[in-house]
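*Asks:* Below you will find the structure I want to go over with you.
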Amino acid sequence: MPKKVQHSIRVMVNLIPALAVAGLILLPIDGYATQLHASSEGIITHQIGHLFFLFSMVVLIFTIIGKGLDKQKGWRLIQYSAFFFVLWNLDVITAHFFDNQIYAVRIENISLSRISVMSQNDSAVLAWLYYGLKLDHLLCVPAMLLLYKGLSNLVKEQRQMMLNKDKP
């Protein structure tokens with residue numbers, strides 16, 4: 001096989017991954033960020049998961065207090081994180097109850113940038129409450145940031161302790 005043909009084949013083979021990535025970027029498919037449960041056992045299992053996580057965070061808060069760990073900055077940040085996770089779980093359990101268990105509200109997409117929250121009996125209070133509940137990222141993101149900062153602080157303290165231990 002001539003070298004020119006081999007070079008052309010090699011170039012085409014090397015272009016395939018680049019073309020695949022370009023295709024994924026330029027021709028994306030819909031990405032659904034919401035998980036809906038078709039039958040009751042899915043949402044019940046999901047809600048039990050939230051309850052377990054909520055209970056775990058409450059236990060973590062009381063464990064940190066009980067062992068006096070809240071005197072250290074890292075553990076205190078983790079404790080704040082657990083508190084935000086408790087609030088987040090209460091928020092999403094309530095939102096799931098409204099939309100997936102009693103079907104009191106539903107979301108209607110009007111356009112790419114607009115939605116309508118429809119509630120039973122056209123209750124504006126319920127619609128606004130549900131809209132507020134769907135802003136759960138305002139609780140979850142700070143919880144994750146506090147957890148990260150707390151763990152980073154504990155690692156930093158541990159490294160400092162190890163350095164001080166190694167010094168004569």
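Identifiers in this document derive from the order of the structure tokens: chains are assigned A, B, ..., residues are numbered from 1 separately in each chain, and ligands are numbered from 1 in order of occurrence.
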Need the shell around Pro142 in chain A: protein/DNA/RNA residues with any atom at most 10 Å away, counting only C-alpha atoms. Skip same-chain ones fewer than 5 positions apart. Format as JSON, numbers by chain?

*Replies:* {"A": [80, 81, 84, 85, 137, 147, 148]}

*Asks:* Residues of the last selection are to be written out with all heavy atoms, as a PDB file, in the first residue's frame.

*Replies:*
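Output contents, as saved in result_26.pdb:
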ATOM      1  N   TYR A  80     -22.743  22.274  59.846  1.00  0.00           N
ATOM      2  CA  TYR A  80     -23.605  23.206  59.106  1.00  0.00           C
ATOM      3  C   TYR A  80     -24.086  22.569  57.804  1.00  0.00           C
ATOM      4  O   TYR A  80     -25.242  22.750  57.399  1.00  0.00           O
ATOM      5  CB  TYR A  80     -22.872  24.519  58.802  1.00  0.00           C
ATOM      6  CG  TYR A  80     -22.438  25.308  60.007  1.00  0.00           C
ATOM      7  CD1 TYR A  80     -21.368  26.183  59.931  1.00  0.00           C
ATOM      8  CD2 TYR A  80     -23.095  25.201  61.237  1.00  0.00           C
ATOM      9  CE1 TYR A  80     -20.952  26.925  61.018  1.00  0.00           C
ATOM     10  CE2 TYR A  80     -22.682  25.931  62.336  1.00  0.00           C
ATOM     11  CZ  TYR A  80     -21.618  26.789  62.217  1.00  0.00           C
ATOM     12  OH  TYR A  80     -21.213  27.516  63.308  1.00  0.00           O
ATOM     13  N   SER A  81     -23.185  21.847  57.143  1.00  0.00           N
ATOM     14  CA  SER A  81     -23.550  21.138  55.914  1.00  0.00           C
ATOM     15  C   SER A  81     -24.686  20.153  56.180  1.00  0.00           C
ATOM     16  O   SER A  81     -25.653  20.087  55.419  1.00  0.00           O
ATOM     17  CB  SER A  81     -22.325  20.398  55.369  1.00  0.00           C
ATOM     18  OG  SER A  81     -22.695  19.504  54.363  1.00  0.00           O
ATOM     19  N   PHE A  84     -27.970  21.938  56.477  1.00  0.00           N
ATOM     20  CA  PHE A  84     -28.523  22.312  55.172  1.00  0.00           C
ATOM     21  C   PHE A  84     -29.060  21.086  54.435  1.00  0.00           C
ATOM     22  O   PHE A  84     -30.064  21.173  53.733  1.00  0.00           O
ATOM     23  CB  PHE A  84     -27.480  23.037  54.319  1.00  0.00           C
ATOM     24  CG  PHE A  84     -27.449  24.519  54.540  1.00  0.00           C
ATOM     25  CD1 PHE A  84     -26.540  25.082  55.421  1.00  0.00           C
ATOM     26  CD2 PHE A  84     -28.327  25.347  53.877  1.00  0.00           C
ATOM     27  CE1 PHE A  84     -26.510  26.448  55.630  1.00  0.00           C
ATOM     28  CE2 PHE A  84     -28.308  26.720  54.072  1.00  0.00           C
ATOM     29  CZ  PHE A  84     -27.396  27.264  54.958  1.00  0.00           C
ATOM     30  N   PHE A  85     -28.396  19.924  54.586  1.00  0.00           N
ATOM     31  CA  PHE A  85     -28.911  18.704  53.974  1.00  0.00           C
ATOM     32  C   PHE A  85     -30.240  18.278  54.606  1.00  0.00           C
ATOM     33  O   PHE A  85     -31.114  17.750  53.917  1.00  0.00           O
ATOM     34  CB  PHE A  85     -27.890  17.561  54.057  1.00  0.00           C
ATOM     35  CG  PHE A  85     -26.860  17.581  52.969  1.00  0.00           C
ATOM     36  CD1 PHE A  85     -25.506  17.504  53.281  1.00  0.00           C
ATOM     37  CD2 PHE A  85     -27.218  17.651  51.631  1.00  0.00           C
ATOM     38  CE1 PHE A  85     -24.546  17.507  52.277  1.00  0.00           C
ATOM     39  CE2 PHE A  85     -26.277  17.658  50.629  1.00  0.00           C
ATOM     40  CZ  PHE A  85     -24.929  17.586  50.952  1.00  0.00           C
ATOM     41  N   HIS A 137     -32.082  23.679  45.081  1.00  0.00           N
ATOM     42  CA  HIS A 137     -30.640  23.840  44.894  1.00  0.00           C
ATOM     43  C   HIS A 137     -30.084  24.956  45.773  1.00  0.00           C
ATOM     44  O   HIS A 137     -28.898  24.972  46.087  1.00  0.00           O
ATOM     45  CB  HIS A 137     -30.309  24.104  43.422  1.00  0.00           C
ATOM     46  CG  HIS A 137     -30.970  25.319  42.869  1.00  0.00           C
ATOM     47  ND1 HIS A 137     -32.292  25.317  42.478  1.00  0.00           N
ATOM     48  CD2 HIS A 137     -30.500  26.558  42.666  1.00  0.00           C
ATOM     49  CE1 HIS A 137     -32.599  26.529  42.037  1.00  0.00           C
ATOM     50  NE2 HIS A 137     -31.539  27.295  42.152  1.00  0.00           N
ATOM     51  N   LEU A 147     -19.746  21.078  53.067  1.00  0.00           N
ATOM     52  CA  LEU A 147     -19.131  19.765  53.255  1.00  0.00           C
ATOM     53  C   LEU A 147     -17.720  19.757  52.671  1.00  0.00           C
ATOM     54  O   LEU A 147     -16.767  19.297  53.315  1.00  0.00           O
ATOM     55  CB  LEU A 147     -19.983  18.679  52.600  1.00  0.00           C
ATOM     56  CG  LEU A 147     -19.432  17.256  52.687  1.00  0.00           C
ATOM     57  CD1 LEU A 147     -19.329  16.797  54.131  1.00  0.00           C
ATOM     58  CD2 LEU A 147     -20.320  16.307  51.887  1.00  0.00           C
ATOM     59  N   TYR A 148     -17.577  20.295  51.479  1.00  0.00           N
ATOM     60  CA  TYR A 148     -16.259  20.366  50.844  1.00  0.00           C
ATOM     61  C   TYR A 148     -15.286  21.193  51.678  1.00  0.00           C
ATOM     62  O   TYR A 148     -14.146  20.773  51.918  1.00  0.00           O
ATOM     63  CB  TYR A 148     -16.384  20.945  49.428  1.00  0.00           C
ATOM     64  CG  TYR A 148     -15.048  21.212  48.779  1.00  0.00           C
ATOM     65  CD1 TYR A 148     -14.288  20.171  48.267  1.00  0.00           C
ATOM     66  CD2 TYR A 148     -14.539  22.506  48.712  1.00  0.00           C
ATOM     67  CE1 TYR A 148     -13.051  20.407  47.694  1.00  0.00           C
ATOM     68  CE2 TYR A 148     -13.306  22.751  48.149  1.00  0.00           C
ATOM     69  CZ  TYR A 148     -12.560  21.712  47.643  1.00  0.00           C
ATOM     70  OH  TYR A 148     -11.333  21.953  47.085  1.00  0.00           O
TER      71      TYR A 148
END

*Asks:* Quick one: DSSP alpha helix (DSSP H) residues in range 6-167 of chain A, as number ranges by chain?

*Replies:* A: 6-26, 40-66, 73-96, 124-133, 137-166

*Asks:* Step one, run DSSP on the backbone; step two, keep only residues of range 32-155 of chain A assigned to strand (DSSP E); then write them as a list of chain:residue names.

*Replies:*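 Written out, the strand (DSSP E) residues of range 32-155 of chain A are A:Val105, A:Arg106, A:Ile107, A:Glu108, A:Asn109, A:Ile115, A:Ser116, A:Val117, A:Met118, A:Ser119.
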
*Asks:* Can you write out the residues you just picked, keeping all heavy atoms, as a compact mmCIF listing (two decimals), in the first residue's frame?

*Replies:*
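Below is the file part.txt, written as the result:
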# COMPACT_ATOMS: atom_id res chain seq x y z
N VAL A 105 -49.90 19.32 42.11
CA VAL A 105 -49.34 20.30 41.17
C VAL A 105 -48.75 19.57 39.97
O VAL A 105 -48.38 18.40 40.06
CB VAL A 105 -48.25 21.17 41.83
CG1 VAL A 105 -48.81 22.10 42.86
CG2 VAL A 105 -47.17 20.32 42.43
N ARG A 106 -48.66 20.30 38.89
CA ARG A 106 -47.95 19.78 37.72
C ARG A 106 -47.33 20.96 36.99
O ARG A 106 -47.80 22.09 37.09
CB ARG A 106 -48.85 18.97 36.81
CG ARG A 106 -49.96 19.72 36.16
CD ARG A 106 -50.85 18.77 35.32
NE ARG A 106 -52.02 19.47 34.89
CZ ARG A 106 -52.09 20.26 33.82
NH1 ARG A 106 -51.04 20.43 33.07
NH2 ARG A 106 -53.21 20.87 33.51
N ILE A 107 -46.26 20.67 36.29
CA ILE A 107 -45.51 21.69 35.55
C ILE A 107 -45.90 21.58 34.08
O ILE A 107 -45.96 20.50 33.51
CB ILE A 107 -43.99 21.46 35.67
CG1 ILE A 107 -43.56 21.43 37.12
CG2 ILE A 107 -43.22 22.48 34.87
CD1 ILE A 107 -43.41 22.74 37.78
N GLU A 108 -46.17 22.73 33.48
CA GLU A 108 -46.47 22.79 32.05
C GLU A 108 -45.43 23.68 31.39
O GLU A 108 -45.25 24.83 31.78
CB GLU A 108 -47.88 23.37 31.85
CG GLU A 108 -48.33 23.40 30.41
CD GLU A 108 -49.73 23.97 30.30
OE1 GLU A 108 -50.64 23.44 30.97
OE2 GLU A 108 -49.90 24.97 29.56
N ASN A 109 -44.72 23.12 30.40
CA ASN A 109 -43.71 23.90 29.67
C ASN A 109 -44.41 24.78 28.65
O ASN A 109 -45.10 24.29 27.77
CB ASN A 109 -42.72 22.98 28.97
CG ASN A 109 -41.79 22.30 29.94
OD1 ASN A 109 -41.41 22.88 30.94
ND2 ASN A 109 -41.44 21.06 29.66
N ILE A 115 -42.23 28.32 32.21
CA ILE A 115 -43.06 27.22 32.66
C ILE A 115 -44.28 27.78 33.36
O ILE A 115 -44.33 28.94 33.73
CB ILE A 115 -42.31 26.27 33.63
CG1 ILE A 115 -41.91 27.02 34.90
CG2 ILE A 115 -41.14 25.61 32.98
CD1 ILE A 115 -41.45 26.13 36.02
N SER A 116 -45.26 26.93 33.53
CA SER A 116 -46.44 27.29 34.28
C SER A 116 -46.67 26.21 35.33
O SER A 116 -46.63 25.03 35.02
CB SER A 116 -47.66 27.39 33.36
OG SER A 116 -48.83 27.62 34.11
N VAL A 117 -46.85 26.62 36.57
CA VAL A 117 -47.12 25.68 37.65
C VAL A 117 -48.64 25.63 37.81
O VAL A 117 -49.27 26.62 38.17
CB VAL A 117 -46.45 26.11 38.97
CG1 VAL A 117 -46.79 25.14 40.08
CG2 VAL A 117 -44.95 26.22 38.79
N MET A 118 -49.20 24.48 37.50
CA MET A 118 -50.64 24.30 37.59
C MET A 118 -50.95 23.55 38.89
O MET A 118 -50.34 22.52 39.17
CB MET A 118 -51.15 23.48 36.40
CG MET A 118 -50.68 23.98 35.05
SD MET A 118 -51.26 25.62 34.65
CE MET A 118 -52.94 25.25 34.28
N SER A 119 -51.88 24.07 39.68
CA SER A 119 -52.22 23.40 40.93
C SER A 119 -53.71 23.04 40.92
O SER A 119 -54.51 23.63 40.21
CB SER A 119 -51.91 24.30 42.12
OG SER A 119 -52.69 25.47 42.07

*Asks:* Which is closer to Leu90 in chain A than all the others in A:Ile110, A:Ala127, A:Ile64, A:Leu139, using only C-alpha atoms?

*Replies:*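 Closest to Leu90 in chain A of all the choices is A:Leu139.
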
*Asks:* Out of A:Lys134, A:Arg114, A:Lys149, A:Lys165, which residue has the shortest atom-to-atom distance to Lys73 in chain A when counting only C-alpha atoms?

*Replies:*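 With only C-alpha atoms as the atom set, the closest residue is A:Lys149.
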
*Asks:* Residues within 12 Å of Ala95 in chain A, please, as a compact mmCIF listing (two decimals) with all heavy atoms, in the first residue's frame. Count only C-alpha atoms; anything in the same chain fewer than 4 positions from it doesn't count.

*Replies:*
# COMPACT_ATOMS: atom_id res chain seq x y z
N ILE A 43 -41.56 6.16 43.63
CA ILE A 43 -41.52 7.37 44.44
C ILE A 43 -41.45 7.03 45.92
O ILE A 43 -40.79 7.73 46.69
CB ILE A 43 -42.70 8.33 44.13
CG1 ILE A 43 -42.54 9.68 44.86
CG2 ILE A 43 -44.03 7.72 44.48
CD1 ILE A 43 -41.31 10.44 44.50
N GLN A 47 -38.60 8.38 48.29
CA GLN A 47 -38.90 9.13 49.51
C GLN A 47 -38.25 8.48 50.73
O GLN A 47 -37.76 9.18 51.62
CB GLN A 47 -40.42 9.22 49.73
CG GLN A 47 -41.15 10.09 48.72
CD GLN A 47 -40.95 11.56 48.94
OE1 GLN A 47 -39.85 12.07 48.87
NE2 GLN A 47 -42.04 12.26 49.23
N HIS A 50 -34.75 9.61 50.85
CA HIS A 50 -34.64 10.96 51.42
C HIS A 50 -34.79 10.92 52.94
O HIS A 50 -34.05 11.61 53.66
CB HIS A 50 -35.69 11.90 50.84
CG HIS A 50 -35.34 12.43 49.49
ND1 HIS A 50 -34.24 13.22 49.25
CD2 HIS A 50 -35.94 12.28 48.28
CE1 HIS A 50 -34.18 13.53 47.98
NE2 HIS A 50 -35.22 12.97 47.36
N TRP A 88 -32.72 20.56 53.04
CA TRP A 88 -32.92 20.16 51.65
C TRP A 88 -33.81 18.92 51.56
O TRP A 88 -34.72 18.88 50.73
CB TRP A 88 -31.56 19.89 50.99
CG TRP A 88 -31.68 19.35 49.61
CD1 TRP A 88 -32.03 20.04 48.48
CD2 TRP A 88 -31.46 18.00 49.20
NE1 TRP A 88 -32.03 19.19 47.39
CE2 TRP A 88 -31.68 17.93 47.81
CE3 TRP A 88 -31.07 16.84 49.87
CZ2 TRP A 88 -31.54 16.76 47.08
CZ3 TRP A 88 -30.94 15.67 49.14
CH2 TRP A 88 -31.17 15.63 47.77
N ASN A 89 -33.56 17.93 52.41
CA ASN A 89 -34.38 16.72 52.38
C ASN A 89 -35.83 17.02 52.73
O ASN A 89 -36.74 16.48 52.10
CB ASN A 89 -33.81 15.65 53.33
CG ASN A 89 -32.73 14.84 52.67
OD1 ASN A 89 -33.00 14.09 51.75
ND2 ASN A 89 -31.51 15.03 53.12
N LEU A 90 -36.06 17.85 53.73
CA LEU A 90 -37.45 18.24 54.07
C LEU A 90 -38.11 18.93 52.87
O LEU A 90 -39.28 18.68 52.57
CB LEU A 90 -37.46 19.15 55.29
CG LEU A 90 -37.09 18.49 56.62
CD1 LEU A 90 -36.92 19.55 57.71
CD2 LEU A 90 -38.12 17.45 57.02
N ASP A 91 -37.34 19.78 52.20
CA ASP A 91 -37.85 20.50 51.04
C ASP A 91 -38.25 19.55 49.92
O ASP A 91 -39.37 19.60 49.40
CB ASP A 91 -36.76 21.47 50.57
CG ASP A 91 -37.16 22.27 49.35
OD1 ASP A 91 -37.07 21.71 48.23
OD2 ASP A 91 -37.54 23.43 49.50
N ASP A 99 -45.99 16.66 43.93
CA ASP A 99 -46.06 16.38 42.49
C ASP A 99 -46.13 14.90 42.12
O ASP A 99 -46.68 14.56 41.09
CB ASP A 99 -44.91 17.06 41.74
CG ASP A 99 -43.53 16.60 42.15
OD1 ASP A 99 -43.40 15.62 42.89
OD2 ASP A 99 -42.56 17.25 41.71
N ASN A 100 -45.61 14.01 42.95
CA ASN A 100 -45.58 12.60 42.57
C ASN A 100 -46.47 11.69 43.40
O ASN A 100 -46.65 10.54 43.04
CB ASN A 100 -44.14 12.05 42.67
CG ASN A 100 -43.27 12.51 41.54
OD1 ASN A 100 -43.73 12.77 40.45
ND2 ASN A 100 -41.98 12.64 41.81
N GLN A 101 -46.98 12.17 44.53
CA GLN A 101 -47.78 11.30 45.37
C GLN A 101 -49.25 11.71 45.39
O GLN A 101 -50.12 10.87 45.20
CB GLN A 101 -47.20 11.25 46.78
CG GLN A 101 -45.92 10.42 46.82
CD GLN A 101 -45.32 10.35 48.19
OE1 GLN A 101 -44.64 11.26 48.61
NE2 GLN A 101 -45.60 9.27 48.89
N ILE A 102 -49.52 12.98 45.61
CA ILE A 102 -50.94 13.39 45.62
C ILE A 102 -51.32 14.15 44.36
O ILE A 102 -52.47 14.53 44.20
CB ILE A 102 -51.29 14.20 46.89
CG1 ILE A 102 -50.51 15.52 46.95
CG2 ILE A 102 -51.08 13.38 48.14
CD1 ILE A 102 -50.98 16.46 48.05
N TYR A 103 -50.35 14.38 43.49
CA TYR A 103 -50.59 15.05 42.21
C TYR A 103 -51.34 16.37 42.38
O TYR A 103 -52.25 16.69 41.62
CB TYR A 103 -51.32 14.14 41.23
CG TYR A 103 -50.58 12.84 41.00
CD1 TYR A 103 -51.00 11.65 41.58
CD2 TYR A 103 -49.45 12.82 40.20
CE1 TYR A 103 -50.31 10.47 41.38
CE2 TYR A 103 -48.75 11.64 39.99
CZ TYR A 103 -49.19 10.48 40.58
OH TYR A 103 -48.49 9.31 40.38
N ALA A 104 -50.94 17.15 43.38
CA ALA A 104 -51.58 18.44 43.63
C ALA A 104 -51.09 19.51 42.68
O ALA A 104 -51.77 20.51 42.49
CB ALA A 104 -51.33 18.86 45.08
N VAL A 105 -49.90 19.32 42.11
CA VAL A 105 -49.34 20.30 41.17
C VAL A 105 -48.75 19.57 39.97
O VAL A 105 -48.38 18.40 40.06
CB VAL A 105 -48.25 21.17 41.83
CG1 VAL A 105 -48.81 22.10 42.86
CG2 VAL A 105 -47.17 20.32 42.43
N ARG A 106 -48.66 20.30 38.89
CA ARG A 106 -47.95 19.78 37.72
C ARG A 106 -47.33 20.96 36.99
O ARG A 106 -47.80 22.09 37.09
CB ARG A 106 -48.85 18.97 36.81
CG ARG A 106 -49.96 19.72 36.16
CD ARG A 106 -50.85 18.77 35.32
NE ARG A 106 -52.02 19.47 34.89
CZ ARG A 106 -52.09 20.26 33.82
NH1 ARG A 106 -51.04 20.43 33.07
NH2 ARG A 106 -53.21 20.87 33.51
N LEU A 126 -50.56 27.42 46.70
CA LEU A 126 -49.92 26.13 46.47
C LEU A 126 -48.93 26.22 45.31
O LEU A 126 -47.83 25.66 45.38
CB LEU A 126 -50.96 25.05 46.20
CG LEU A 126 -50.42 23.64 45.99
CD1 LEU A 126 -49.64 23.16 47.20
CD2 LEU A 126 -51.57 22.69 45.69
N ALA A 127 -49.29 26.93 44.25
CA ALA A 127 -48.40 27.08 43.10
C ALA A 127 -47.12 27.80 43.51
O ALA A 127 -46.01 27.37 43.15
CB ALA A 127 -49.10 27.83 41.97
N TRP A 128 -47.23 28.88 44.28
CA TRP A 128 -46.04 29.62 44.72
C TRP A 128 -45.23 28.80 45.73
O TRP A 128 -44.00 28.83 45.70
CB TRP A 128 -46.42 30.97 45.31
CG TRP A 128 -46.66 31.99 44.23
CD1 TRP A 128 -47.85 32.49 43.80
CD2 TRP A 128 -45.66 32.62 43.43
NE1 TRP A 128 -47.66 33.38 42.77
CE2 TRP A 128 -46.32 33.48 42.53
CE3 TRP A 128 -44.27 32.55 43.37
CZ2 TRP A 128 -45.64 34.26 41.60
CZ3 TRP A 128 -43.60 33.33 42.44
CH2 TRP A 128 -44.28 34.16 41.57
N LEU A 129 -45.90 28.07 46.61
CA LEU A 129 -45.19 27.21 47.55
C LEU A 129 -44.40 26.14 46.80
O LEU A 129 -43.21 25.92 47.09
CB LEU A 129 -46.18 26.54 48.53
CG LEU A 129 -45.59 25.50 49.47
CD1 LEU A 129 -44.63 26.16 50.46
CD2 LEU A 129 -46.68 24.75 50.20
N TYR A 130 -45.02 25.50 45.84
CA TYR A 130 -44.35 24.47 45.06
C TYR A 130 -43.18 25.08 44.28
O TYR A 130 -42.09 24.47 44.22
CB TYR A 130 -45.33 23.80 44.10
CG TYR A 130 -44.71 22.72 43.28
CD1 TYR A 130 -44.42 21.48 43.85
CD2 TYR A 130 -44.40 22.91 41.94
CE1 TYR A 130 -43.83 20.47 43.11
CE2 TYR A 130 -43.81 21.92 41.19
CZ TYR A 130 -43.53 20.70 41.77
OH TYR A 130 -42.95 19.71 41.04
N TYR A 131 -43.37 26.24 43.70
CA TYR A 131 -42.29 26.91 42.97
C TYR A 131 -41.11 27.15 43.92
O TYR A 131 -39.95 26.92 43.56
CB TYR A 131 -42.78 28.23 42.37
CG TYR A 131 -41.74 28.97 41.58
CD1 TYR A 131 -41.43 28.57 40.29
CD2 TYR A 131 -41.06 30.05 42.13
CE1 TYR A 131 -40.46 29.24 39.55
CE2 TYR A 131 -40.09 30.72 41.40
CZ TYR A 131 -39.79 30.32 40.12
OH TYR A 131 -38.83 30.97 39.40
N GLY A 132 -41.39 27.60 45.13
CA GLY A 132 -40.33 27.81 46.12
C GLY A 132 -39.65 26.50 46.50
O GLY A 132 -38.42 26.45 46.65
N LEU A 133 -40.42 25.44 46.62
CA LEU A 133 -39.86 24.13 46.95
C LEU A 133 -38.94 23.62 45.85
O LEU A 133 -37.97 22.92 46.12
CB LEU A 133 -40.97 23.12 47.22
CG LEU A 133 -41.79 23.31 48.50
CD1 LEU A 133 -42.99 22.37 48.52
CD2 LEU A 133 -40.93 23.12 49.74
N LYS A 134 -39.24 23.95 44.60
CA LYS A 134 -38.42 23.48 43.48
C LYS A 134 -37.09 24.23 43.39
O LYS A 134 -36.23 23.86 42.61
CB LYS A 134 -39.18 23.63 42.15
CG LYS A 134 -40.36 22.68 42.03
CD LYS A 134 -40.00 21.23 42.26
CE LYS A 134 -39.47 20.58 41.04
NZ LYS A 134 -39.20 19.14 41.22
N LEU A 135 -36.90 25.25 44.22
CA LEU A 135 -35.62 25.95 44.27
C LEU A 135 -34.71 25.28 45.30
O LEU A 135 -33.92 25.94 45.99
CB LEU A 135 -35.84 27.43 44.61
CG LEU A 135 -36.64 28.23 43.59
CD1 LEU A 135 -36.92 29.63 44.10
CD2 LEU A 135 -35.93 28.28 42.26
N ASP A 136 -34.80 23.95 45.39
CA ASP A 136 -34.07 23.20 46.41
C ASP A 136 -32.56 23.31 46.26
O ASP A 136 -31.82 23.09 47.21
CB ASP A 136 -34.50 21.73 46.40
CG ASP A 136 -34.27 21.06 45.06
OD1 ASP A 136 -35.05 21.30 44.13
OD2 ASP A 136 -33.31 20.29 44.98

*Asks:* Which residues come within 12 Å of range 65-69 of chain A, counting only C-alpha atoms, excluding same-chain residues fewer than 5 positions away, as an NGL selection string?

*Replies:* :A and (58-60 or 74-80 or 150 or 154)

*Asks:* Save out the residues we just selected, C-alpha atoms, as an mmCIF file, in the first residue's frame.

*Replies:*
data_model
loop_
_atom_site.group_PDB
_atom_site.id
_atom_site.type_symbol
_atom_site.label_atom_id
_atom_site.label_comp_id
_atom_site.auth_asym_id
_atom_site.auth_seq_id
_atom_site.Cartn_x
_atom_site.Cartn_y
_atom_site.Cartn_z
ATOM 1 C CA VAL A 58 -29.619 14.484 62.113
ATOM 2 C CA VAL A 59 -27.553 11.687 63.689
ATOM 3 C CA LEU A 60 -24.367 13.283 62.302
ATOM 4 C CA GLY A 74 -13.754 21.553 59.845
ATOM 5 C CA TRP A 75 -16.275 19.594 61.895
ATOM 6 C CA ARG A 76 -18.343 22.717 62.523
ATOM 7 C CA LEU A 77 -18.567 23.297 58.751
ATOM 8 C CA ILE A 78 -19.595 19.657 58.274
ATOM 9 C CA GLN A 79 -22.245 20.153 60.959
ATOM 10 C CA TYR A 80 -23.605 23.206 59.106
ATOM 11 C CA GLY A 150 -15.191 21.214 56.119
ATOM 12 C CA LEU A 154 -9.841 18.678 58.234
#

*Asks:* One decimal, Å: what's the distance from CA of Phe97 in chain A over to CA of Ala143 in chain A, could you say?

*Replies:*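 Value for the CA of Phe97 in chain A-CA of Ala143 in chain A distance: 22.3 Å.
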
*Asks:* Nearest residue to Leu51 in chain A out of A:Ala82, A:Val11, A:Gly23, A:Val92, using only C-alpha atoms?

*Replies:*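 Selected residue with least distance to Leu51 in chain A: A:Val92.
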
*Asks:* Between CA of Leu151 in chain A and CA of Phe62 in chain A, what is the spacing in Å?

*Replies:* 18.0 Å
